[in-house]
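Visitor: Here's a structure for you.
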Amino acid sequence: MSKLDDPIQQGLQRGWRVLGGSRGAVPSTLLCDVAIIGSGAGAGITAELLTKAGLQVVIVEEGPLKSSSDFRQRESDAYPSLYQESAARKTADKAINILQGRCVGGSTTVNWTSSFRTPADTLEHWRTQYGLAEMTPPAMAPWFEQAERRLGIGPWLTEPNRNNELLRTGAARLGIAASSIQRNVKGCWNLGSCGMGCPTNAKQSMLVTTLPAALDQGATLLVQMRAERLEWRDGRVEALHCVPVADNSAPTGANGVRVTAKHYVVAGGAINSPALLLRSGLPDPHGLVGKRTFLHPVVISAATFADPVNGWDGAPQTLYTDHFLQTQPLTGAIGYKLEAPPLHPVIFSSTLAGHGRDQADMLAQFPRTHSLLALMRDGFHAQSPGGSVGLRSDGTPVLDYPLNDFVMDGARRAFLSMAEIQFAAGARSVVPVHEEATPSTSWEEVRRKILGLSMKPLLTRVVSAHVMGGCPMAGSEAQGVVRPDGTHWQLANLSVHDGSLFPTSIGANPQLSVYGLAAMLATRLAKRLTGNDVQLA
Amino acid sequence: MQRRKLLQIGAVASLTLVTVGGGLVWMRPAAPSSELNAESRMLFTAVAQAVLDGVLPSGPARASALAGHVERVQQTIRGFAPAVQNELAQLLGILCTAPGRRLLARLAAPWDAASVADVQLALQRMRTSRLATRQQIYHALRDITNGAYFSDPMAWPAIGYPGPRDI
C-alpha cells in the first residue's frame with residue numbers, strides 16, 4: 001500500500017458529500033441545478049466549471065470511489081474494481097476486448113496518460129462533413145490550452161523506457177520519424193502502473209483534479225449508482241432515475257434515487273451514454289443514437305530481444321509514430337498510429353495468443369518481450385461505419401462492432417509495419433498476435449507468414465481502449481444527436497459531454513479531445529445557465 | 001458475407017446445444033450464476049492443466065496451485081456483471097453435460113478423466129474452428145484461465161515479473 005498522502009481520503013475527512021456504496025445511504029429524491037451522469041473526462045471538466053459558476057451539481061457514477069491508498073499496482077485489484085465488466089467487456093461477437101474505466105474518474109483513473117490534441121485533419125473532416133464550422137485548430141486551441149494547464153499536460157522529459165525506445169530505434173532505421181507523447185502528470189515516479197490507478201497521485205486524472213475541486217465547491221457525488229433512465233416530457237428532461245449497484249454492477253435491489261435538475265449532462269462514456277438514451281426512449285428521429293460507435297481497433301505485435309526489455313517498467317506510451325496515418329488519405333484505406341503499451345502479467349498472458357507448451361515458451365520470454373500496438377483510425381470511410389450499441393434484456397449495453405474486410409486489411413498492414421520495425425530494432429523473433437501465427441526469426445519470414453494469415457475476427461486478436469461516438473455532434477438534426485453546443489437536438493435541457501460526441505474516431509488517444517471539447521461546452525453551458533464567465537485554467 | 005454465414009452456423013449450433021444440452025442443465029436445482037459448481041470446477045481444473053502446461057508446478061505443489069487457481073477463477077467470475085455471469089453459467093452448464101461437451105468441445109472423455117493432451121487437442125480445435133461459437137468458447141476458457149493464474153504473485157517468479165514497487 002502507498003504510504004503517501006491520499007487527497008481523496010483527506011477530502012472525505014474535510015466533509016465532501018459522497019453518498020452511495022459504503023459511503024452511506026442516498027435519499028430517495030435529490031434536487032440540484034445540474035445532474036452529471038458519469039465522472040470521467042467529460043464529466044469531471046464539466047463538474048468543475050459548473051460548480052465554479054455557482055451551480056449545485058450532483059455527479060452520478062456507477063463504479064466505486066477508489067484512490068491512491070487502494071492502488072497497489074496489482075492487476076487483480078484493479079480490473080474488477082476500476083474497469084467496466086472487470087476489464088473483460090466484449091463486443092457482441094466477442095472478437096474485441098474493450099478496456100474502459102468504471103470508477104470515480106472513469107477511464108482517466110486508469111488510462112496511460114497519452115495526451116494529444118484532436119488532429120487538424122480530423123477537425124477538418126468534422127467541419128466539412130458534419131457541419132461543425134467552429135472546429136478549426138486555432139478556434140479549439142484555447143480550449144486545449146486550458147485543459148493542458150489544468151491537468152499538467154506537457155512534454156515528458158525522462159528517458160523513454162526500453163519498450164518505447166525500441167519503437168524509435170526500429171522506426172529510425174527505416175527512415176520513419178517517432179515523436180514524444182505528452183502526458184498529464186506532475187512529479188511522475190515513472191513506475192509504469194498507470195493502468196492500475198496511479199499510486200502516487202502524479203497522474204492528473206479527474207480523480208485528483210476536477211472532481212476534488214467540484215466537491216470542495218459543494219458538489220454531491222453518488223457512487224455505485226447507475227443512471228437507469230431519464231424521464232422526459234414535452235421536449236424537456238424532468239428527472240433522472242438511478243439505482244444502487246454492487247461491486248460487479250448488479251443492482252442491489254435497494255431503493256434508488258430520483259434526481260431532479262434544471263439541466264442534465266450525460267457523460268458516461270461512449271457505450272454507456274447512448275445506452276442511457278436508448279433505455280430512456282428519448283426522441284431519435286434519424287435513428288442515430290448508439291450508431292457509428294468507434295473503437296480505434298487495436299492489433300498487437302510481440303517481439304523478443306536478446307536483452308531485457310522489462311515492458312512493465314517505466315512510463316507507458318511515451319513515443320509514437322503517425323507515419324502510417326499519413327501514407328494514404330484520411331478518407332482512404334484505414335491508417336494506424338503506432339505506440340508501445342505497458343506489459344503486466346494478466347494483460348500480457350490474456351492478450352497473447354496460444355496455450356500449453358507454446359504459451360509457456362512465450363511467457364518464459366516475458367522480460368525480453370517488446371510489444372507494439374497499432375490503433376486504427378475508424379469512421380472516415382464508407383466501409384468504416386463502426387459499431388452500434390444495443391441493449392441486453394436486462395437493459396445493460398452491448399456493442400456490435402463487425403470487423404469487416406476494410407478494417408482487417410488495415411490490421412494486416414499494421415502487422416507488417418510493426419514486425420518490420422521490430423526486426424529493424426534488432427528483434428530476435430516477432431509474432432503478430434493472431435491465432436494462426438507462429439514466431440518468425442526474420443523480416444522476410446514474418447512478412448510471408450503475415451500475408452498468409454486469415455484476417456478474420458476471433459482469429460485476429462483485437463482490443464480497444466478508446467470508445468467514441470454514438471451520440472454524435474453535428475450541425476444538422478439529420479446528422480447529429482446533439483447540436484454543436486452539446487445540447488440534444490430534441491430535448492432543450494439535456495447535453496452530452498463525453499467521447500460519444502465525436503462523429504468519427506479521433507486518430508489519436510482521445511482524452512485531451514474530450515477535455516478540450518468538454519471545456520468549451522461546459523464553459524458556455526455555465527454562461528447560459530448563470531450568466532457567469534468561468535474558466536478552467 | 002462469409003462472416004455473417006459463419007455466425008449463422010454458430011447460431012444454429014447454439015440452438016442445437018440448447019436443445020441437446022440445455023434441457024439437462026435446466027433440470028438441475030438452480031444455483032446462483034456467479035458460483036461454480038463441482039463439475040465446473042473440474043472443467044476449469046482440466047483446462048488449467050492444458051492451458052498452463054509447462055507453467056504449473058509439478059510434484060506436490062501442483063495440487064495446491066490448481067486449487068488456488070480454481071478459487072481465483074471463482075473470484076474472477078464473481079467480478080463479472082450479471083449478464084456475463086449468466087452467459088458463462090449457461091455455457092459451463094452445457095459443457096459439463098456429456099452431449100454438450102462432445103458437441104462443442106469435441107471431447108469424448110469427461111473433463112476430470114481426459115488427459116492433458118486430449119484437452120489441449122480439444123482447445124486447439126475450438127481455437128481454429130470455423131464456428132464462431134466454438135472459437136468464443138476457446139477464448140473464454142483460455143482467457144479466464146490465464147487471467148486468474150497470472151494475477152497471483154506466486155506465478156510471477158516463473159515469468160520474471162518482479163511485481164509492484166515499494167513506494
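Going by the C-alpha cells order, chains are called A, B, ..., each with residues numbered from 1, while ligands are numbered from 1 in the order shown.
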Using only C-alpha atoms, determine which residues lie at most 9 Å from stretch 75-88 of chain B, disregarding the query and same-chain residues fewer than 5 positions distant; provide the list as a list in words.
Guide: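 Here the answer would be Ser76, Tyr79, Pro80, Ser81, Gln84, Glu85, Ser86, Ala88, Asp247, Asn248, Ser249, Ala250, Arg392, Ser393, Asp394 and Thr396 of chain A; Pro32, Ser33, Ser34, Glu35, Leu36, Val70, Gly93, Ala140, Ile144, Gly147 and Ala148 of chain B.
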Visitor: Would you please give, as a ChimeraX atom specification, all residues of stretch 233-468 of chain A that DSSP assigns to strand (DSSP E) based on the backbone?
Guide: /A:233,236-244,257-260,263-266,293-294,298-304,319-321,336-339,369-376,388-391,397-400,429-432,462-464,468
Visitor: Residues as selected, C-alpha atoms, written as a short mmCIF file (atom, residue, chain, number, x, y, z; two decimals), in the first residue's frame, can you do that?
Guide:
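Dumped to result.cif:
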data_model
loop_
_atom_site.label_atom_id
_atom_site.label_comp_id
_atom_site.auth_asym_id
_atom_site.auth_seq_id
_atom_site.Cartn_x
_atom_site.Cartn_y
_atom_site.Cartn_z
CA ARG A 233 -41.95 15.15 -21.47
CA ARG A 236 -37.56 18.52 -21.61
CA VAL A 237 -35.97 16.04 -19.24
CA GLU A 238 -37.86 16.04 -15.95
CA ALA A 239 -35.83 13.64 -13.81
CA LEU A 240 -33.03 11.11 -13.71
CA HIS A 241 -33.73 7.74 -12.11
CA CYS A 242 -30.75 5.91 -10.59
CA VAL A 243 -30.38 2.52 -8.93
CA PRO A 244 -27.69 1.37 -6.50
CA VAL A 257 -32.93 7.92 -6.22
CA ARG A 258 -34.87 10.33 -8.43
CA VAL A 259 -32.71 13.34 -9.22
CA THR A 260 -34.43 16.46 -10.50
CA HIS A 263 -30.19 20.67 -16.73
CA TYR A 264 -28.77 17.19 -17.31
CA VAL A 265 -25.32 16.37 -18.72
CA VAL A 266 -24.73 12.83 -19.98
CA THR A 293 -19.57 3.89 -32.38
CA PHE A 294 -15.83 3.76 -32.94
CA VAL A 298 -6.03 -2.28 -31.99
CA VAL A 299 -3.80 -5.13 -33.14
CA ILE A 300 -0.56 -6.07 -31.42
CA SER A 301 2.82 -7.42 -32.43
CA ALA A 302 5.13 -9.08 -29.89
CA ALA A 303 8.89 -9.41 -30.32
CA THR A 304 11.66 -10.96 -28.26
CA LEU A 319 6.77 7.64 -28.08
CA TYR A 320 4.60 7.19 -31.16
CA THR A 321 4.65 7.38 -34.90
CA TYR A 336 -2.98 3.49 -37.93
CA LYS A 337 -0.97 5.05 -35.15
CA LEU A 338 1.81 3.02 -33.53
CA GLU A 339 2.59 3.09 -29.81
CA THR A 369 9.34 -9.17 -24.81
CA HIS A 370 8.66 -5.91 -26.60
CA SER A 371 5.25 -5.06 -27.93
CA LEU A 372 3.83 -2.55 -30.33
CA LEU A 373 0.22 -1.71 -30.90
CA ALA A 374 -1.48 -0.21 -33.92
CA LEU A 375 -4.65 1.75 -33.28
CA MET A 376 -6.68 2.04 -36.44
CA SER A 388 -23.82 0.05 -32.84
CA VAL A 389 -24.84 -0.06 -29.20
CA GLY A 390 -27.84 -2.18 -28.29
CA LEU A 391 -29.43 -3.26 -25.03
CA PRO A 397 -25.45 -2.25 -23.19
CA VAL A 398 -23.58 -4.34 -25.69
CA LEU A 399 -21.66 -3.04 -28.69
CA ASP A 400 -21.89 -4.87 -32.01
CA SER A 429 11.84 -13.08 -33.24
CA VAL A 430 8.46 -11.49 -33.91
CA VAL A 431 4.94 -12.86 -33.70
CA PRO A 432 1.79 -10.95 -34.64
CA VAL A 462 -8.31 -7.19 -31.49
CA VAL A 463 -8.61 -4.94 -28.44
CA SER A 464 -9.67 -1.37 -27.79
CA MET A 468 -16.03 7.07 -29.24
#
Visitor: Show me, as a list in words, the residues of chain B whose atoms get within 6 Å of chain A, using only C-alpha atoms for the distance check.
Guide: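 On the chain B side, the interface is Ala50, Val51, Leu52, Asp53, Gly54, Val55, Gly79, Phe80, Ala81, Pro82, Asp143, Asn146, Gly147, Phe150, Ser151, Ile159, Pro164 and Ile167 of chain B.
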Visitor: What are the DSSP alpha helix (DSSP H) residues of stretch 76-145 of chain B, as an mmCIF file with N, CA and C atoms, in the first residue's frame?
Guide:
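Everything below was put into states15.cif:
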data_model
loop_
_atom_site.group_PDB
_atom_site.id
_atom_site.type_symbol
_atom_site.label_atom_id
_atom_site.label_comp_id
_atom_site.auth_asym_id
_atom_site.auth_seq_id
_atom_site.Cartn_x
_atom_site.Cartn_y
_atom_site.Cartn_z
ATOM 1 N N THR B 76 -12.802 -14.322 -10.100
ATOM 2 C CA THR B 76 -12.909 -13.605 -11.375
ATOM 3 C C THR B 76 -14.361 -13.558 -11.827
ATOM 4 N N ILE B 77 -15.033 -14.699 -11.745
ATOM 5 C CA ILE B 77 -16.414 -14.787 -12.226
ATOM 6 C C ILE B 77 -17.343 -13.950 -11.345
ATOM 7 N N ARG B 78 -17.059 -13.918 -10.042
ATOM 8 C CA ARG B 78 -17.886 -13.077 -9.158
ATOM 9 C C ARG B 78 -17.771 -11.603 -9.534
ATOM 10 N N GLY B 79 -16.663 -11.222 -10.147
ATOM 11 C CA GLY B 79 -16.481 -9.826 -10.552
ATOM 12 C C GLY B 79 -17.210 -9.464 -11.835
ATOM 13 N N PRO B 82 -23.791 -9.318 -14.121
ATOM 14 C CA PRO B 82 -24.770 -10.413 -14.168
ATOM 15 C C PRO B 82 -24.988 -10.996 -15.561
ATOM 16 N N ALA B 83 -25.043 -10.156 -16.589
ATOM 17 C CA ALA B 83 -25.305 -10.686 -17.936
ATOM 18 C C ALA B 83 -24.180 -11.632 -18.367
ATOM 19 N N VAL B 84 -22.948 -11.279 -18.026
ATOM 20 C CA VAL B 84 -21.806 -12.126 -18.391
ATOM 21 C C VAL B 84 -21.817 -13.401 -17.551
ATOM 22 N N GLN B 85 -22.127 -13.257 -16.260
ATOM 23 C CA GLN B 85 -22.210 -14.438 -15.392
ATOM 24 C C GLN B 85 -23.250 -15.422 -15.916
ATOM 25 N N ASN B 86 -24.393 -14.906 -16.329
ATOM 26 C CA ASN B 86 -25.461 -15.792 -16.810
ATOM 27 C C ASN B 86 -25.052 -16.513 -18.083
ATOM 28 N N GLU B 87 -24.420 -15.764 -18.982
ATOM 29 C CA GLU B 87 -23.986 -16.355 -20.232
ATOM 30 C C GLU B 87 -22.959 -17.459 -19.970
ATOM 31 N N LEU B 88 -22.026 -17.149 -19.078
ATOM 32 C CA LEU B 88 -20.969 -18.113 -18.763
ATOM 33 C C LEU B 88 -21.548 -19.337 -18.047
ATOM 34 N N ALA B 89 -22.487 -19.089 -17.125
ATOM 35 C CA ALA B 89 -23.086 -20.206 -16.386
ATOM 36 C C ALA B 89 -23.814 -21.145 -17.343
ATOM 37 N N GLN B 90 -24.469 -20.561 -18.328
ATOM 38 C CA GLN B 90 -25.179 -21.383 -19.310
ATOM 39 C C GLN B 90 -24.182 -22.200 -20.134
ATOM 40 N N LEU B 91 -23.109 -21.544 -20.526
ATOM 41 C CA LEU B 91 -22.083 -22.230 -21.310
ATOM 42 C C LEU B 91 -21.457 -23.369 -20.502
ATOM 43 N N LEU B 92 -21.085 -23.068 -19.249
ATOM 44 C CA LEU B 92 -20.447 -24.101 -18.424
ATOM 45 C C LEU B 92 -21.422 -25.243 -18.176
ATOM 46 N N GLY B 93 -22.687 -24.900 -17.957
ATOM 47 C CA GLY B 93 -23.692 -25.928 -17.743
ATOM 48 C C GLY B 93 -23.745 -26.886 -18.923
ATOM 49 N N ILE B 94 -23.708 -26.332 -20.114
ATOM 50 C CA ILE B 94 -23.772 -27.163 -21.320
ATOM 51 C C ILE B 94 -22.482 -27.967 -21.484
ATOM 52 N N LEU B 95 -21.343 -27.327 -21.269
ATOM 53 C CA LEU B 95 -20.058 -28.022 -21.437
ATOM 54 C C LEU B 95 -19.876 -29.130 -20.405
ATOM 55 N N ALA B 98 -22.519 -34.442 -20.987
ATOM 56 C CA ALA B 98 -21.799 -35.254 -21.974
ATOM 57 C C ALA B 98 -22.130 -34.827 -23.408
ATOM 58 N N PRO B 99 -23.426 -34.624 -23.749
ATOM 59 C CA PRO B 99 -23.700 -34.215 -25.134
ATOM 60 C C PRO B 99 -23.103 -32.844 -25.461
ATOM 61 N N GLY B 100 -23.197 -31.918 -24.518
ATOM 62 C CA GLY B 100 -22.648 -30.577 -24.735
ATOM 63 C C GLY B 100 -21.143 -30.625 -24.912
ATOM 64 N N VAL B 116 -4.286 -34.438 -20.401
ATOM 65 C CA VAL B 116 -3.885 -33.080 -20.777
ATOM 66 C C VAL B 116 -3.844 -32.955 -22.299
ATOM 67 N N ALA B 117 -3.304 -33.980 -22.948
ATOM 68 C CA ALA B 117 -3.200 -33.932 -24.419
ATOM 69 C C ALA B 117 -4.580 -33.883 -25.065
ATOM 70 N N ASP B 118 -5.540 -34.632 -24.509
ATOM 71 C CA ASP B 118 -6.905 -34.615 -25.065
ATOM 72 C C ASP B 118 -7.516 -33.217 -24.961
ATOM 73 N N VAL B 119 -7.360 -32.601 -23.792
ATOM 74 C CA VAL B 119 -7.961 -31.278 -23.583
ATOM 75 C C VAL B 119 -7.257 -30.254 -24.474
ATOM 76 N N GLN B 120 -5.943 -30.387 -24.619
ATOM 77 C CA GLN B 120 -5.221 -29.453 -25.498
ATOM 78 C C GLN B 120 -5.694 -29.589 -26.946
ATOM 79 N N LEU B 121 -5.917 -30.810 -27.359
ATOM 80 C CA LEU B 121 -6.393 -31.021 -28.731
ATOM 81 C C LEU B 121 -7.788 -30.401 -28.899
ATOM 82 N N ALA B 122 -8.625 -30.596 -27.887
ATOM 83 C CA ALA B 122 -9.980 -30.020 -27.944
ATOM 84 C C ALA B 122 -9.901 -28.497 -28.012
ATOM 85 N N LEU B 123 -9.032 -27.918 -27.184
ATOM 86 C CA LEU B 123 -8.882 -26.457 -27.189
ATOM 87 C C LEU B 123 -8.377 -25.974 -28.543
ATOM 88 N N GLN B 124 -7.383 -26.681 -29.071
ATOM 89 C CA GLN B 124 -6.793 -26.254 -30.343
ATOM 90 C C GLN B 124 -7.830 -26.310 -31.468
ATOM 91 N N ARG B 125 -8.676 -27.344 -31.439
ATOM 92 C CA ARG B 125 -9.706 -27.444 -32.491
ATOM 93 C C ARG B 125 -10.751 -26.351 -32.359
ATOM 94 N N MET B 126 -11.064 -25.993 -31.118
ATOM 95 C CA MET B 126 -12.017 -24.874 -30.926
ATOM 96 C C MET B 126 -11.367 -23.574 -31.383
ATOM 97 N N ARG B 127 -10.087 -23.431 -31.072
ATOM 98 C CA ARG B 127 -9.361 -22.201 -31.411
ATOM 99 C C ARG B 127 -9.400 -21.928 -32.907
ATOM 100 N N ALA B 132 -18.013 -19.736 -35.044
ATOM 101 C CA ALA B 132 -17.724 -18.646 -34.096
ATOM 102 C C ALA B 132 -17.996 -19.085 -32.656
ATOM 103 N N THR B 133 -19.063 -19.844 -32.448
ATOM 104 C CA THR B 133 -19.413 -20.265 -31.085
ATOM 105 C C THR B 133 -18.263 -21.036 -30.443
ATOM 106 N N ARG B 134 -17.657 -21.951 -31.223
ATOM 107 C CA ARG B 134 -16.556 -22.756 -30.666
ATOM 108 C C ARG B 134 -15.317 -21.888 -30.422
ATOM 109 N N GLN B 135 -15.072 -20.956 -31.308
ATOM 110 C CA GLN B 135 -13.937 -20.043 -31.083
ATOM 111 C C GLN B 135 -14.157 -19.215 -29.819
ATOM 112 N N GLN B 136 -15.399 -18.736 -29.649
ATOM 113 C CA GLN B 136 -15.710 -17.912 -28.469
ATOM 114 C C GLN B 136 -15.488 -18.713 -27.183
ATOM 115 N N ILE B 137 -15.840 -19.995 -27.215
ATOM 116 C CA ILE B 137 -15.655 -20.823 -26.013
ATOM 117 C C ILE B 137 -14.157 -20.959 -25.711
ATOM 118 N N TYR B 138 -13.379 -21.195 -26.747
ATOM 119 C CA TYR B 138 -11.922 -21.289 -26.547
ATOM 120 C C TYR B 138 -11.396 -20.022 -25.878
ATOM 121 N N HIS B 139 -11.761 -18.868 -26.420
ATOM 122 C CA HIS B 139 -11.246 -17.615 -25.873
ATOM 123 C C HIS B 139 -11.698 -17.410 -24.427
ATOM 124 N N ALA B 140 -12.958 -17.728 -24.152
ATOM 125 C CA ALA B 140 -13.470 -17.523 -22.787
ATOM 126 C C ALA B 140 -12.684 -18.386 -21.801
ATOM 127 N N LEU B 141 -12.542 -19.689 -22.115
ATOM 128 C CA LEU B 141 -11.876 -20.602 -21.177
ATOM 129 C C LEU B 141 -10.400 -20.246 -21.029
ATOM 130 N N ARG B 142 -9.776 -19.950 -22.136
ATOM 131 C CA ARG B 142 -8.341 -19.676 -22.126
ATOM 132 C C ARG B 142 -8.028 -18.341 -21.438
ATOM 133 N N ASP B 143 -8.817 -17.322 -21.731
ATOM 134 C CA ASP B 143 -8.525 -16.006 -21.156
ATOM 135 C C ASP B 143 -8.817 -15.975 -19.654
ATOM 136 N N ILE B 144 -9.921 -16.601 -19.243
ATOM 137 C CA ILE B 144 -10.225 -16.641 -17.803
ATOM 138 C C ILE B 144 -9.112 -17.387 -17.076
ATOM 139 N N THR B 145 -8.649 -18.480 -17.688
ATOM 140 C CA THR B 145 -7.591 -19.285 -17.064
ATOM 141 C C THR B 145 -6.306 -18.477 -16.913
#
Visitor: Find the spatial neighbours of B:Ala65, counting only C-alpha atoms, within a cut-off of 12 Å - ignore same-chain residues fewer than 2 positions away - and output them as a list of chain:residue names.
Guide: B:Thr45, B:Ala48, B:Gln49, B:Leu52, B:Val55, B:Leu56, B:Pro57, B:Ser58, B:Gly59, B:Pro60, B:Ala61, B:Arg62, B:Ala63, B:Ala67, B:Gly68, B:His69, B:Val70, B:Glu71, B:Arg72, B:Ala148, B:Tyr149, B:Phe150, B:Asp152, B:Pro153, B:Met154, B:Ala155
